[in-house]
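Below is one structure, written out as structure tokens; comments come after it.
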Amino acid sequence: MIIVDSSVWIDYFNGRDTVQTNKLDEILGVEPIGIGDIILTEVLQGFREDTDYITAKQVLTSLTVFNMLNTDLAIESANNFRTLRKRGITIRKTNDVIIATFCIENNHSLLFSDKDFVPFVDYLGLNAA
């Protein structure tokens with residue numbers, strides 16, 4: 001399963017041509033794609049127009065939607081944050097720590113363009129899609 005981060009969905013819905021949005025175009029309908037509840041919130045809250053919001057909500061909720069946090073994942077997310085901080089790397093957003101940890105723990109790949117995920121790939125075993 002490939003989880004697509006909000007950084008890619010936002011570019012995708014805004015019509016930006018990037019390596020990641022092109023990859024999303026390639027895998028839509030071909031490979032299993034999922035989205036986390038946190039990602040769903042991040043993407044949907046950005047729409048100003050109701051019609052765009054409704055369309056995006058229909059598209060995104062047609063995917064497998066995962067609940068990304070529970071007690072065990074909260075603790076593991078804190079552990080991952082602390083591991084990276086000990087290496088001198090501070091992740092700016094808690095949501096990114098949770099998303100990366102969810103993917104690592106569930107063996108899902110993550111399609112992203114946000115650079116905060118790179119340390120999770122380099123040091124903690126996150127699979128980049």
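We name chains A, B, ... following the order of the structure tokens; residues begin at 1 in each chain, and ligands are numbered from 1 as shown.
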Contacts of range 52-59 of chain A within 12 Å, only C-alpha atoms, excl. fewer than 5 positions in-chain, as a list of chain:residue names: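 So the residues in contact are A:Trp9, A:Ile10, A:Tyr12, A:Phe13, A:Asn14, A:Leu28, A:Gly29, A:Ile33, A:Gly34, A:Ile35, A:Asp37, A:Ile39, A:Leu40, A:Thr41, A:Glu42, A:Val43, A:Leu44, A:Gln45, A:Gly46, A:Phe47, A:Thr64, A:Val65.
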Any chance you could export the current selection's N, CA, C and O atoms as a CSV table (one decimal), in the first residue's frame?
```csv
chain,number,residue,atom,x,y,z
A,9,TRP,N,-0.8,15.6,-2.4
A,9,TRP,CA,-2.2,15.9,-2.8
A,9,TRP,C,-2.4,17.3,-3.0
A,9,TRP,O,-3.2,17.7,-4.0
A,10,ILE,N,-1.9,18.2,-2.2
A,10,ILE,CA,-2.1,19.6,-2.4
A,10,ILE,C,-1.5,20.1,-3.7
A,10,ILE,O,-2.2,20.8,-4.5
A,12,TYR,N,-1.1,18.2,-6.3
A,12,TYR,CA,-1.9,17.5,-7.3
A,12,TYR,C,-3.2,18.3,-7.6
A,12,TYR,O,-3.6,18.6,-8.7
A,13,PHE,N,-3.9,18.6,-6.5
A,13,PHE,CA,-5.2,19.4,-6.7
A,13,PHE,C,-5.0,20.8,-7.2
A,13,PHE,O,-5.9,21.4,-7.8
A,14,ASN,N,-3.8,21.3,-7.0
A,14,ASN,CA,-3.5,22.7,-7.5
A,14,ASN,C,-2.9,22.6,-8.9
A,14,ASN,O,-2.5,23.6,-9.5
A,28,LEU,N,-2.4,5.9,-9.7
A,28,LEU,CA,-3.8,6.0,-9.5
A,28,LEU,C,-4.5,4.9,-10.3
A,28,LEU,O,-4.4,4.9,-11.5
A,29,GLY,N,-5.3,4.1,-9.6
A,29,GLY,CA,-6.1,3.1,-10.3
A,29,GLY,C,-5.2,1.8,-10.7
A,29,GLY,O,-5.8,0.9,-11.2
A,33,ILE,N,-3.7,2.6,-3.1
A,33,ILE,CA,-3.3,3.9,-2.5
A,33,ILE,C,-4.2,4.1,-1.3
A,33,ILE,O,-5.4,3.9,-1.3
A,34,GLY,N,-3.6,4.6,-0.2
A,34,GLY,CA,-4.3,4.9,1.0
A,34,GLY,C,-4.0,6.3,1.4
A,34,GLY,O,-3.1,7.0,0.9
A,35,ILE,N,-4.8,6.8,2.4
A,35,ILE,CA,-4.6,8.1,3.0
A,35,ILE,C,-4.9,8.0,4.5
A,35,ILE,O,-5.8,7.2,4.9
A,37,ASP,N,-6.2,9.6,8.2
A,37,ASP,CA,-7.1,10.6,8.6
A,37,ASP,C,-6.5,12.0,8.8
A,37,ASP,O,-7.1,13.0,8.5
A,39,ILE,N,-3.9,13.1,7.2
A,39,ILE,CA,-3.6,13.7,5.8
A,39,ILE,C,-4.9,14.2,5.2
A,39,ILE,O,-5.0,15.3,4.6
A,40,LEU,N,-6.0,13.4,5.4
A,40,LEU,CA,-7.3,13.9,4.9
A,40,LEU,C,-7.7,15.2,5.5
A,40,LEU,O,-8.1,16.1,4.7
A,41,THR,N,-7.5,15.4,6.7
A,41,THR,CA,-7.8,16.7,7.4
A,41,THR,C,-6.9,17.8,6.8
A,41,THR,O,-7.4,18.9,6.4
A,42,GLU,N,-5.6,17.5,6.7
A,42,GLU,CA,-4.7,18.6,6.1
A,42,GLU,C,-5.1,19.0,4.7
A,42,GLU,O,-5.0,20.2,4.4
A,43,VAL,N,-5.5,18.1,3.9
A,43,VAL,CA,-5.8,18.4,2.5
A,43,VAL,C,-7.1,19.1,2.4
A,43,VAL,O,-7.3,20.2,1.8
A,44,LEU,N,-8.2,18.6,3.1
A,44,LEU,CA,-9.5,19.1,3.0
A,44,LEU,C,-9.6,20.5,3.6
A,44,LEU,O,-10.4,21.4,3.1
A,45,GLN,N,-8.9,20.8,4.6
A,45,GLN,CA,-9.0,22.1,5.3
A,45,GLN,C,-8.5,23.2,4.4
A,45,GLN,O,-8.8,24.4,4.6
A,46,GLY,N,-7.7,22.9,3.3
A,46,GLY,CA,-7.2,23.9,2.5
A,46,GLY,C,-8.1,24.4,1.4
A,46,GLY,O,-7.8,25.4,0.7
A,47,PHE,N,-9.2,23.8,1.1
A,47,PHE,CA,-10.1,24.2,0.0
A,47,PHE,C,-10.9,25.4,0.4
A,47,PHE,O,-11.6,25.4,1.5
A,64,THR,N,-8.7,3.9,0.6
A,64,THR,CA,-8.6,3.3,2.0
A,64,THR,C,-8.2,4.4,2.9
A,64,THR,O,-7.1,5.0,2.7
A,65,VAL,N,-9.0,4.7,3.9
A,65,VAL,CA,-8.6,5.7,4.9
A,65,VAL,C,-8.2,5.1,6.2
A,65,VAL,O,-9.0,4.3,6.8
```
Residue list (alpha helix (DSSP H), DSSP) for chain A, as a VMD selection string: chain A and resid 6 to 13 19 to 27 37 to 44 50 to 61 71 to 86 94 to 106 118 to 124
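Relative to CA of Thr61 in chain A, CA of Val30 in chain A is found at 17.2 Å.
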Best match for closeness to Ile98 in chain A among A:Leu63, A:Asp5, A:Pro32, A:Asn127, counting only C-alpha atoms: A:Asp5
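Take the candidates A:Ser7, A:Thr51, A:Thr18, A:Leu60 and check each one against Phe117 in chain A using only C-alpha atoms; the shortest distance goes to A:Ser7.
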A:Asp116, A:Leu110, A:Tyr123, A:Glu49 ranked by distance to Lys86 in chain A, top pick (using only C-alpha atoms): A:Tyr123
Separation of CA of Gly125 in chain A from CA of Ile99 in chain A, in Å and rounded to one decimal: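 Taking CA of Gly125 in chain A as the start and CA of Ile99 in chain A as the end point, the length is 13.3 Å.
When CA of His108 in chain A is paired with CA of Thr90 in chain A, their separation reads 22.9 Å.
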Test item: residues at most 9 Å from Ala78 in chain A, only C-alpha atoms, excluding those fewer than 5 positions along its chain, as number ranges by chain: A: 73, 83, 97-98
Close residues, Val118 in chain A itself excluded, 12 Å, only C-alpha atoms, min 3 positions apart in chain, as a ChimeraX atom specification: /A:84,89-91,96-97,100,110-115,121-129
Residues flagged strand (DSSP E) by DSSP in range 9-107 of chain A, as JSON, numbers by chain: {"A": [33, 34, 35, 36, 64, 65, 66]}
Go ahead and write the residues just picked, C-alpha atoms, as a PDB file, in the first residue's frame.
```
ATOM      1  CA  ILE A  33      -3.329   3.897  -2.504  1.00  0.00           C
ATOM      2  CA  GLY A  34      -4.302   4.914   0.998  1.00  0.00           C
ATOM      3  CA  ILE A  35      -4.641   8.079   2.979  1.00  0.00           C
ATOM      4  CA  GLY A  36      -4.490   8.724   6.684  1.00  0.00           C
ATOM      5  CA  THR A  64      -8.629   3.329   1.972  1.00  0.00           C
ATOM      6  CA  VAL A  65      -8.638   5.742   4.915  1.00  0.00           C
ATOM      7  CA  PHE A  66      -6.517   4.769   7.916  1.00  0.00           C
TER       8      PHE A  66
END
```
